[in-house]
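> See work_26.txt below, with compact mmCIF, C-alpha atoms.
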# COMPACT_ATOMS: atom_id res chain seq x y z
CA MET V 1 7.15 6.79 -45.06
CA THR V 2 3.99 5.44 -43.42
CA GLN V 3 1.36 2.86 -44.30
CA PRO V 4 -2.04 3.95 -45.69
CA GLN V 5 -4.32 5.09 -42.87
CA GLU V 6 -7.53 3.23 -43.65
CA GLY V 7 -9.52 0.17 -42.66
CA PRO V 8 -10.31 -1.24 -39.21
CA TYR V 9 -7.74 -1.27 -36.46
CA CYS V 10 -5.76 -4.51 -36.32
CA ARG V 11 -3.04 -3.72 -33.76
CA GLY V 12 -3.19 -1.97 -30.40
CA MET V 13 -0.63 -0.90 -27.81
CA VAL V 14 -0.90 0.17 -24.18
CA VAL V 15 1.95 2.18 -22.63
CA VAL V 16 1.82 2.54 -18.84
CA ALA V 17 4.24 3.09 -15.99
CA HIS V 18 3.66 0.00 -13.84
CA ALA V 19 2.42 -3.55 -13.93
CA ASP V 20 -1.29 -3.30 -12.97
CA ASP V 21 -1.80 0.26 -14.35
CA ALA V 22 -3.49 -1.06 -17.47
CA GLU V 23 -5.63 -3.54 -15.56
CA PHE V 24 -6.98 -0.75 -13.39
CA SER V 25 -7.57 1.68 -16.25
CA CYS V 26 -8.32 0.00 -19.57
CA SER V 27 -8.33 -3.81 -19.35
CA GLY V 28 -11.99 -4.04 -20.31
CA THR V 29 -11.16 -2.36 -23.61
CA VAL V 30 -8.08 -4.52 -24.06
CA ALA V 31 -10.01 -7.73 -23.36
CA LYS V 32 -12.63 -6.63 -25.88
CA TRP V 33 -10.02 -5.88 -28.52
CA CYS V 34 -8.29 -9.23 -28.01
CA LYS V 35 -11.59 -11.09 -28.24
CA GLU V 36 -12.30 -9.28 -31.53
CA GLY V 37 -8.97 -10.51 -32.93
CA MET V 38 -6.75 -7.46 -32.50
CA GLU V 39 -3.10 -7.96 -31.62
CA VAL V 40 -2.41 -5.99 -28.44
CA VAL V 41 0.99 -5.30 -26.86
CA TYR V 42 1.65 -3.84 -23.43
CA VAL V 43 4.71 -1.66 -22.81
CA ILE V 44 5.45 -1.43 -19.07
CA VAL V 45 7.96 1.36 -18.54
CA THR V 46 9.17 0.80 -14.95
CA ASP V 47 10.30 -2.30 -13.08
CA GLY V 48 7.64 -1.99 -10.36
CA SER V 49 10.26 -2.34 -7.65
CA LYS V 50 8.87 0.09 -5.05
CA GLY V 51 5.17 -0.55 -4.43
CA ALA V 52 5.20 -2.67 -1.26
CA GLU V 53 4.58 -2.22 2.46
CA ASP V 54 6.48 -5.40 3.36
CA ARG V 55 9.80 -4.23 4.88
CA SER V 56 11.40 -7.64 4.29
CA ILE V 57 11.05 -7.73 0.51
CA THR V 58 13.86 -6.51 -1.73
CA PRO V 59 13.28 -4.30 -4.77
CA GLU V 60 14.68 -7.05 -6.97
CA ARG V 61 12.26 -9.66 -5.63
CA LEU V 62 9.31 -7.29 -5.87
CA ALA V 63 10.17 -6.46 -9.48
CA GLU V 64 10.32 -10.18 -10.27
CA ILE V 65 6.93 -10.81 -8.66
CA ARG V 66 5.24 -7.93 -10.43
CA ARG V 67 6.73 -8.89 -13.78
CA GLN V 68 5.27 -12.38 -13.47
CA GLU V 69 1.92 -11.01 -12.32
CA GLN V 70 1.77 -8.83 -15.43
CA ILE V 71 2.66 -11.75 -17.67
CA ASN V 72 -0.11 -13.79 -16.04
CA ALA V 73 -2.61 -10.96 -16.49
CA GLY V 74 -1.58 -10.67 -20.13
CA LYS V 75 -2.33 -14.33 -20.70
CA ILE V 76 -5.80 -13.89 -19.23
CA LEU V 77 -6.47 -10.95 -21.55
CA GLY V 78 -4.96 -12.59 -24.61
CA LEU V 79 -2.12 -10.13 -25.23
CA LYS V 80 0.33 -10.74 -28.03
CA GLU V 81 3.29 -9.62 -25.89
CA VAL V 82 4.28 -7.71 -22.76
CA VAL V 83 7.40 -5.55 -23.11
CA PHE V 84 9.23 -4.44 -19.96
CA LEU V 85 11.51 -1.42 -20.35
CA GLY V 86 12.84 -1.77 -16.79
CA TYR V 87 13.25 1.84 -15.69
CA PRO V 88 13.44 2.25 -11.88
CA ASP V 89 10.03 2.53 -10.24
CA ALA V 90 9.18 5.84 -8.53
CA TYR V 91 11.98 7.75 -10.28
CA LEU V 92 10.64 7.90 -13.84
CA GLN V 93 11.21 11.06 -15.88
CA PRO V 94 10.07 11.73 -19.48
CA THR V 95 13.64 11.73 -20.76
CA LEU V 96 14.80 11.34 -24.34
CA GLU V 97 15.95 7.83 -23.45
CA VAL V 98 12.47 6.82 -22.30
CA ARG V 99 10.93 8.45 -25.37
CA ARG V 100 13.35 6.61 -27.64
CA ASP V 101 12.62 3.26 -26.03
CA ILE V 102 8.86 3.72 -26.39
CA THR V 103 9.38 4.91 -29.97
CA ARG V 104 11.31 1.70 -30.64
CA GLU V 105 8.34 -0.40 -29.52
CA ILE V 106 5.88 1.67 -31.56
CA ARG V 107 7.98 1.21 -34.68
CA ARG V 108 8.46 -2.48 -33.95
CA HIS V 109 4.83 -3.37 -33.27
CA ARG V 110 3.19 -0.66 -35.45
CA PRO V 111 -0.05 -0.11 -33.51
CA ASP V 112 -3.05 1.49 -35.17
CA ILE V 113 -4.31 2.71 -31.79
CA LEU V 114 -2.40 3.37 -28.56
CA ILE V 115 -3.64 3.84 -24.99
CA THR V 116 -1.57 5.72 -22.44
CA LEU V 117 -1.86 7.65 -19.20
CA ASN V 118 -2.79 11.27 -18.64
CA PRO V 119 0.43 13.32 -18.42
CA THR V 120 -1.27 16.07 -16.40
CA ARG V 121 -2.05 16.18 -12.68
CA THR V 122 -5.70 17.23 -12.65
CA LEU V 123 -6.59 16.71 -8.95
CA SER V 124 -10.15 15.96 -10.03
CA SER V 125 -10.43 13.02 -7.62
CA SER V 126 -11.06 13.31 -3.90
CA PHE V 127 -9.05 10.18 -3.10
CA TYR V 128 -6.18 10.00 -5.60
CA MET V 129 -3.51 12.61 -6.35
CA GLY V 130 -1.84 10.72 -9.17
CA HIS V 131 1.57 9.04 -9.41
CA PRO V 132 4.53 10.97 -10.87
CA ASP V 133 5.54 7.89 -12.87
CA HIS V 134 2.12 7.96 -14.55
CA PHE V 135 2.60 11.54 -15.70
CA ALA V 136 6.11 10.78 -16.96
CA ALA V 137 5.02 7.65 -18.84
CA GLY V 138 2.10 9.48 -20.43
CA GLU V 139 4.26 12.41 -21.54
CA ALA V 140 6.96 10.13 -22.95
CA ALA V 141 4.40 7.97 -24.77
CA LEU V 142 2.62 10.94 -26.35
CA SER V 143 5.95 12.42 -27.42
CA ALA V 144 6.95 9.07 -28.88
CA VAL V 145 3.72 8.84 -30.88
CA PHE V 146 4.19 12.36 -32.21
CA PRO V 147 6.55 13.18 -33.64
CA ALA V 148 9.27 10.65 -32.81
CA ALA V 149 7.73 7.45 -34.19
CA ARG V 150 6.61 9.28 -37.34
CA ASP V 151 9.81 11.09 -38.33
CA HIS V 152 12.75 9.21 -39.81
CA LEU V 153 15.20 11.91 -38.76
CA THR V 154 14.32 11.45 -35.08
CA PHE V 155 16.34 8.71 -33.36
CA PRO V 156 18.19 7.63 -36.55
CA GLU V 157 19.69 4.77 -34.57
CA LEU V 158 16.29 3.09 -34.81
CA LEU V 159 16.52 3.15 -38.60
CA ALA V 160 19.87 1.42 -38.24
CA GLU V 161 18.03 -1.29 -36.27
CA GLY V 162 15.69 -1.75 -39.24
CA LEU V 163 12.74 0.02 -37.59
CA GLU V 164 10.92 2.20 -40.10
CA PRO V 165 8.79 5.19 -39.06
CA HIS V 166 5.19 4.53 -38.13
CA LYS V 167 2.15 6.77 -37.70
CA VAL V 168 -0.33 5.81 -34.97
CA ARG V 169 -3.88 6.55 -36.10
CA GLU V 170 -5.51 7.23 -32.73
CA VAL V 171 -4.42 7.77 -29.13
CA LEU V 172 -6.68 7.16 -26.14
CA VAL V 173 -5.71 8.88 -22.90
CA VAL V 174 -7.00 7.40 -19.63
CA GLY V 175 -7.63 9.47 -16.52
CA HIS V 176 -8.53 12.62 -18.44
CA ASP V 177 -10.98 14.95 -16.70
CA ARG V 178 -12.85 15.63 -19.97
CA PRO V 179 -13.28 12.27 -21.72
CA ASP V 180 -14.97 12.25 -25.11
CA LYS V 181 -14.95 8.55 -26.01
CA TRP V 182 -16.56 5.70 -24.09
CA ILE V 183 -16.06 2.03 -24.88
CA ASP V 184 -18.68 -0.45 -23.72
CA VAL V 185 -16.88 -3.12 -21.69
CA THR V 186 -19.93 -4.88 -20.28
CA SER V 187 -19.20 -8.09 -22.18
CA SER V 188 -15.49 -8.10 -21.29
CA LEU V 189 -15.64 -6.95 -17.68
CA GLU V 190 -15.28 -10.38 -16.08
CA VAL V 191 -12.11 -11.11 -18.05
CA ALA V 192 -10.77 -7.69 -17.07
CA LEU V 193 -11.50 -8.41 -13.40
CA LYS V 194 -9.65 -11.72 -13.58
CA ALA V 195 -6.66 -9.94 -15.08
CA LEU V 196 -6.76 -7.34 -12.31
CA MET V 197 -6.80 -10.03 -9.62
CA ALA V 198 -3.63 -11.52 -11.11
CA HIS V 199 -1.78 -8.61 -9.45
CA ALA V 200 -2.07 -10.21 -6.03
CA SER V 201 0.95 -8.39 -4.56
CA GLN V 202 -0.74 -5.02 -5.12
CA ILE V 203 -4.46 -5.40 -4.58
CA GLY V 204 -7.07 -6.92 -2.30
CA PRO V 205 -10.60 -8.18 -2.94
CA GLU V 206 -12.02 -4.66 -2.66
CA ALA V 207 -10.15 -3.61 -5.80
CA ALA V 208 -12.53 -5.57 -8.02
CA GLU V 209 -15.53 -3.75 -6.58
CA ARG V 210 -13.83 -0.37 -7.02
CA MET V 211 -13.00 -1.23 -10.61
CA LYS V 212 -16.60 -2.23 -11.33
CA ALA V 213 -17.91 0.93 -9.67
CA TRP V 214 -15.63 3.16 -11.76
CA ARG V 215 -16.77 1.52 -14.97
CA GLN V 216 -20.40 1.65 -13.92
CA GLU V 217 -20.04 5.37 -13.28
CA ALA V 218 -18.33 5.84 -16.67
CA GLY V 219 -21.19 4.05 -18.42
CA ARG V 220 -23.89 6.07 -16.70
CA GLY V 221 -25.41 8.48 -19.19
CA GLN V 222 -23.86 6.63 -22.13
CA GLY V 223 -26.43 3.85 -22.31
CA MET V 224 -23.82 1.32 -21.17
CA GLN V 225 -23.83 -0.86 -18.06
CA TYR V 226 -20.04 -0.70 -17.80
CA ALA V 227 -17.73 1.53 -19.81
CA GLU V 228 -14.18 2.85 -19.92
CA ALA V 229 -13.73 6.55 -20.67
CA PHE V 230 -10.94 8.13 -22.70
CA LYS V 231 -9.82 11.34 -24.30
CA SER V 232 -9.46 10.47 -27.99
CA ILE V 233 -6.88 12.09 -30.25
CA LEU V 234 -7.26 11.24 -33.95
CA LEU V 235 -4.01 11.56 -35.87
CA SER V 236 -5.21 10.56 -39.34
Translate this file's structure into structure tokens.

Amino acid sequence: MTQPQEGPYCRGMVVVAHADDAEFSCSGTVAKWCKEGMEVVYVIVTDGSKGAEDRSITPERLAEIRRQEQINAGKILGLKEVVFLGYPDAYLQPTLEVRRDITREIRRHRPDILITLNPTRTLSSSFYMGHPDHFAAGEAALSAVFPAARDHLTFPELLAEGLEPHKVREVLVVGHDRPDKWIDVTSSLEVALKALMAHASQIGPEAAERMKAWRQEAGRGQGMQYAEAFKSILLS
């Protein structure tokens, strides 16, 4: 039913709501993985069609811009592929359809380790309340990892597509208020910053400094100059 769960990780996946979510949250880790030879795939759940202050831009044009920005960022990081599921931005719900579509990508790409967003609104920050699409994407991704991707009787239509069940070995959740795993991204930070700056429609120059400050804070106390913090869930 599943492959043996042993040996080093060879394949990674990141499931997030929007283009730029991964660059803000875990691109140092992704850049490190890619440099070490891992195959990494991004799954972007929404079309990114709402995040703009420009009253003259259409949702369709914004979605096109953000899609290309994410592709460009992926090239900087060295991703194997970026998958766009295309659900409407700002309206995402953790429906069975979203879960099925993420399950499809897990079974297709068969990641050993998967990063996704925190599905819970913690209100631990004094400047960020959280985006409802983030919670929905995180919940759908975790539900896809377990049990949907693992069980052949769940979404049998995927078996008909030739997609066999797959068991992810570890999940890393970003934005958790009690992280228990820190990854040193000091050597990959500059690549991660370049990938972040590829999202020019969404960020300004100050974003790079915020990103560095967050990672510096995460590394403090861990013996790391810059780190990314996660809640780790081991499934094998």
> Can you work out which one of V:Glu39, V:Asp133, V:Glu209, V:Asp101 has the shortest atom-to-atom distance to Glu157 of chain V, counting all atoms listed in the file?
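Among V:Glu39, V:Asp133, V:Glu209, V:Asp101, it is V:Asp101 that comes nearest to Glu157 of chain V.
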> Restricting the calculation to only C-alpha atoms: of V:Arg210, V:Arg104, V:Arg99, V:Lys231, which residue gets closest to Asp180 of chain V?
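Checking each of V:Arg210, V:Arg104, V:Arg99, V:Lys231 against Asp180 of chain V, counting only C-alpha atoms, the winner is V:Lys231.
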> For atom CA of Leu62 of chain V and atom CA of Gly48 of chain V, quote the distance in Å rounded to one decimal.
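Calculated distance between atom CA of Leu62 of chain V and atom CA of Gly48 of chain V is 7.1 Å.
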> Pick out the closest residue to Ala52 of chain V from this set: V:Glu164, V:Glu6, V:Asp89, V:Glu23. Count all atoms listed in the file.
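Answer, going by the shortest atom-to-atom distance: V:Asp89.
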> Could you build a table of the residues in segment 54-132 of chain V lying no more than 8 Å from segment 198-201 of chain V, giving for each the nearest pair of atoms and their separation in Å rounded to one decimal place, using all atoms listed in the file, ordered by chain and ascending residue number, as a tab-separated table?

residue	atom	partner	partner_atom	distance
V:Ile65	CA	V:Ser201	CA	7.6
V:Arg66	CA	V:His199	CA	7.1
V:Glu69	CA	V:His199	CA	5.3
V:Gln70	CA	V:His199	CA	7.0
V:Asn72	CA	V:Ala198	CA	6.5
V:Ala73	CA	V:Ala198	CA	5.5
> To one decimal in Å, tell me the separation between atom CA of Lys167 of chain V and atom CA of Val98 of chain V.
18.5 Å
> Quick one: residues within 7 Å of Ala137 of chain V, all atoms listed in the file, excluding same-chain residues fewer than 4 positions away - as a PyMOL selection string?
chain V and resi 16-17+45+94+117+133+141
> Which value, in Å to one decimal, gives the distance between atom CA of Leu153 of chain V and atom CA of Asp112 of chain V?
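Going from atom CA of Leu153 of chain V over to atom CA of Asp112 of chain V, I get 21.3 Å.
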> Every residue with an atom at most 12 Å from (-16.1, 3.8, -16.8) (file coordinates; all atoms listed in the file) is what I'm after, so could you write them as a ChimeraX atom specification?
/V:24-29,174-176,179-186,189,210-230
> If you take all atoms listed in the file and a cut-off of 6 Å, which residues of segment 78-180 of chain V touch segment 232-236 of chain V, and what are their nearest atom pairs and distances in Å to one decimal, in chain and number order, as a Markdown table?

| residue | atom | partner | partner_atom | distance |
| --- | --- | --- | --- | --- |
| V:Arg169 | CA | V:Leu235 | CA | 5.0 |
| V:Glu170 | CA | V:Leu234 | CA | 4.5 |
| V:Val171 | CA | V:Ile233 | CA | 5.1 |
| V:Leu172 | CA | V:Ser232 | CA | 4.7 |
> Skip Pro59 of chain V itself and residues of its chain fewer than 2 positions away, then list as a list of chain:residue names all residues within 12 Å of it, counting all atoms listed in the file.
V:Asp47, V:Gly48, V:Ser49, V:Lys50, V:Gly51, V:Ala52, V:Glu53, V:Asp54, V:Arg55, V:Ser56, V:Ile57, V:Arg61, V:Leu62, V:Ala63, V:Glu64, V:Ile65, V:Arg66, V:Pro88, V:Asp89, V:Ala90
> So, counting only C-alpha atoms, which residue among V:Gly7, V:Pro132, V:Gly12, V:Gly78 is closest to Ala195 of chain V?
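Among the listed residues, the smallest separation from Ala195 of chain V belongs to V:Gly78.
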> I'd like the neighbourhood of Glu161 of chain V as a ChimeraX atom specification, where a residue qualifies if any of its atoms comes within 12 Å (using only C-alpha atoms), though same-chain residues fewer than 2 positions away should be ignored.
/V:104-105,107-108,155-159,163-165
> From the options V:Val173, V:Ile76, V:Ile106, V:Leu96, which residue's atoms come nearest to Ser188 of chain V, counting only C-alpha atoms?
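Checking each candidate against Ser188 of chain V, we get V:Ile76 as the closest.
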> Applying 8 Å and only C-alpha atoms, which residues near Pro111 of chain V remain after dropping the ones on its own chain fewer than 3 positions away? List them as a compact mmCIF listing (two decimals) with C-alpha atoms, in the coordinates of the input.

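The file below, part_17.txt, is the result:
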# COMPACT_ATOMS: atom_id res chain seq x y z
CA CYS V 10 -5.76 -4.51 -36.32
CA ARG V 11 -3.04 -3.72 -33.76
CA GLY V 12 -3.19 -1.97 -30.40
CA MET V 13 -0.63 -0.90 -27.81
CA ILE V 106 5.88 1.67 -31.56
CA LEU V 114 -2.40 3.37 -28.56
CA VAL V 168 -0.33 5.81 -34.97
> From the set V:Pro119, V:Val41, V:Phe146, V:Glu139, which residue has the shortest atom-to-atom contact distance to Val82 of chain V, counting all atoms listed in the file?
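Distance minimum relative to Val82 of chain V lands on V:Val41.
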> Quick one: residues within 6 Å of (1.0, 0.6, -23.9) (file frame), counting all atoms listed in the file, please, as a count of residues only.
8
> Build an axis-aligned box that encloses every atom of segment 137-140 of chain V listed in the file, pad it by 6 Å on each side, and report its centre and edge lengths in Å to one decimal, as lines of an AutoDock Vina configuration file.

center_x = 4.5
center_y = 10.0
center_z = -20.9
size_x = 16.9
size_y = 16.8
size_z = 16.1
> Quick one: segment 190-211 of chain V with N, CA and C atoms, as a PDB file, keeping the file's coordinate frame?

ATOM      1  N   GLU V 190     -15.720  -9.263 -16.918  1.00  0.00           N
ATOM      2  CA  GLU V 190     -15.280 -10.380 -16.080  1.00  0.00           C
ATOM      3  C   GLU V 190     -13.854 -10.793 -16.405  1.00  0.00           C
ATOM      4  N   VAL V 191     -13.496 -10.803 -17.675  1.00  0.00           N
ATOM      5  CA  VAL V 191     -12.110 -11.110 -18.050  1.00  0.00           C
ATOM      6  C   VAL V 191     -11.178 -10.041 -17.490  1.00  0.00           C
ATOM      7  N   ALA V 192     -11.594  -8.784 -17.594  1.00  0.00           N
ATOM      8  CA  ALA V 192     -10.770  -7.690 -17.070  1.00  0.00           C
ATOM      9  C   ALA V 192     -10.567  -7.820 -15.562  1.00  0.00           C
ATOM     10  N   LEU V 193     -11.610  -8.227 -14.843  1.00  0.00           N
ATOM     11  CA  LEU V 193     -11.500  -8.410 -13.400  1.00  0.00           C
ATOM     12  C   LEU V 193     -10.540  -9.540 -13.054  1.00  0.00           C
ATOM     13  N   LYS V 194     -10.581 -10.617 -13.813  1.00  0.00           N
ATOM     14  CA  LYS V 194      -9.650 -11.720 -13.580  1.00  0.00           C
ATOM     15  C   LYS V 194      -8.214 -11.273 -13.797  1.00  0.00           C
ATOM     16  N   ALA V 195      -8.008 -10.464 -14.825  1.00  0.00           N
ATOM     17  CA  ALA V 195      -6.660  -9.940 -15.080  1.00  0.00           C
ATOM     18  C   ALA V 195      -6.204  -9.039 -13.945  1.00  0.00           C
ATOM     19  N   LEU V 196      -7.105  -8.203 -13.444  1.00  0.00           N
ATOM     20  CA  LEU V 196      -6.760  -7.340 -12.310  1.00  0.00           C
ATOM     21  C   LEU V 196      -6.348  -8.167 -11.098  1.00  0.00           C
ATOM     22  N   MET V 197      -7.087  -9.221 -10.802  1.00  0.00           N
ATOM     23  CA  MET V 197      -6.800 -10.030  -9.620  1.00  0.00           C
ATOM     24  C   MET V 197      -5.511 -10.816  -9.744  1.00  0.00           C
ATOM     25  N   ALA V 198      -4.933 -10.877 -10.950  1.00  0.00           N
ATOM     26  CA  ALA V 198      -3.630 -11.520 -11.110  1.00  0.00           C
ATOM     27  C   ALA V 198      -2.525 -10.730 -10.418  1.00  0.00           C
ATOM     28  N   HIS V 199      -2.783  -9.461 -10.114  1.00  0.00           N
ATOM     29  CA  HIS V 199      -1.780  -8.610  -9.450  1.00  0.00           C
ATOM     30  C   HIS V 199      -1.941  -8.726  -7.932  1.00  0.00           C
ATOM     31  N   ALA V 200      -1.766  -9.923  -7.430  1.00  0.00           N
ATOM     32  CA  ALA V 200      -2.070 -10.210  -6.030  1.00  0.00           C
ATOM     33  C   ALA V 200      -1.162  -9.460  -5.057  1.00  0.00           C
ATOM     34  N   SER V 201       0.040  -9.101  -5.466  1.00  0.00           N
ATOM     35  CA  SER V 201       0.950  -8.390  -4.560  1.00  0.00           C
ATOM     36  C   SER V 201       0.509  -6.944  -4.336  1.00  0.00           C
ATOM     37  N   GLN V 202      -0.391  -6.431  -5.153  1.00  0.00           N
ATOM     38  CA  GLN V 202      -0.740  -5.020  -5.120  1.00  0.00           C
ATOM     39  C   GLN V 202      -2.165  -4.732  -4.676  1.00  0.00           C
ATOM     40  N   ILE V 203      -3.044  -5.701  -4.786  1.00  0.00           N
ATOM     41  CA  ILE V 203      -4.460  -5.400  -4.580  1.00  0.00           C
ATOM     42  C   ILE V 203      -5.109  -6.422  -3.656  1.00  0.00           C
ATOM     43  N   GLY V 204      -6.242  -6.025  -3.091  1.00  0.00           N
ATOM     44  CA  GLY V 204      -7.070  -6.920  -2.300  1.00  0.00           C
ATOM     45  C   GLY V 204      -8.413  -7.118  -2.966  1.00  0.00           C
ATOM     46  N   PRO V 205      -9.293  -7.891  -2.347  1.00  0.00           N
ATOM     47  CA  PRO V 205     -10.600  -8.180  -2.940  1.00  0.00           C
ATOM     48  C   PRO V 205     -11.433  -6.944  -3.236  1.00  0.00           C
ATOM     49  N   GLU V 206     -11.225  -5.872  -2.459  1.00  0.00           N
ATOM     50  CA  GLU V 206     -12.020  -4.660  -2.660  1.00  0.00           C
ATOM     51  C   GLU V 206     -11.701  -3.966  -3.974  1.00  0.00           C
ATOM     52  N   ALA V 207     -10.548  -4.272  -4.554  1.00  0.00           N
ATOM     53  CA  ALA V 207     -10.150  -3.610  -5.800  1.00  0.00           C
ATOM     54  C   ALA V 207     -11.109  -3.939  -6.933  1.00  0.00           C
ATOM     55  N   ALA V 208     -11.593  -5.178  -6.963  1.00  0.00           N
ATOM     56  CA  ALA V 208     -12.530  -5.570  -8.020  1.00  0.00           C
ATOM     57  C   ALA V 208     -13.810  -4.754  -7.938  1.00  0.00           C
ATOM     58  N   GLU V 209     -14.307  -4.529  -6.730  1.00  0.00           N
ATOM     59  CA  GLU V 209     -15.530  -3.750  -6.580  1.00  0.00           C
ATOM     60  C   GLU V 209     -15.307  -2.292  -6.961  1.00  0.00           C
ATOM     61  N   ARG V 210     -14.142  -1.739  -6.619  1.00  0.00           N
ATOM     62  CA  ARG V 210     -13.830  -0.370  -7.020  1.00  0.00           C
ATOM     63  C   ARG V 210     -13.766  -0.254  -8.540  1.00  0.00           C
ATOM     64  N   MET V 211     -13.124  -1.242  -9.158  1.00  0.00           N
ATOM     65  CA  MET V 211     -13.000  -1.230 -10.610  1.00  0.00           C
ATOM     66  C   MET V 211     -14.367  -1.281 -11.275  1.00  0.00           C
TER      67      MET V 211
END
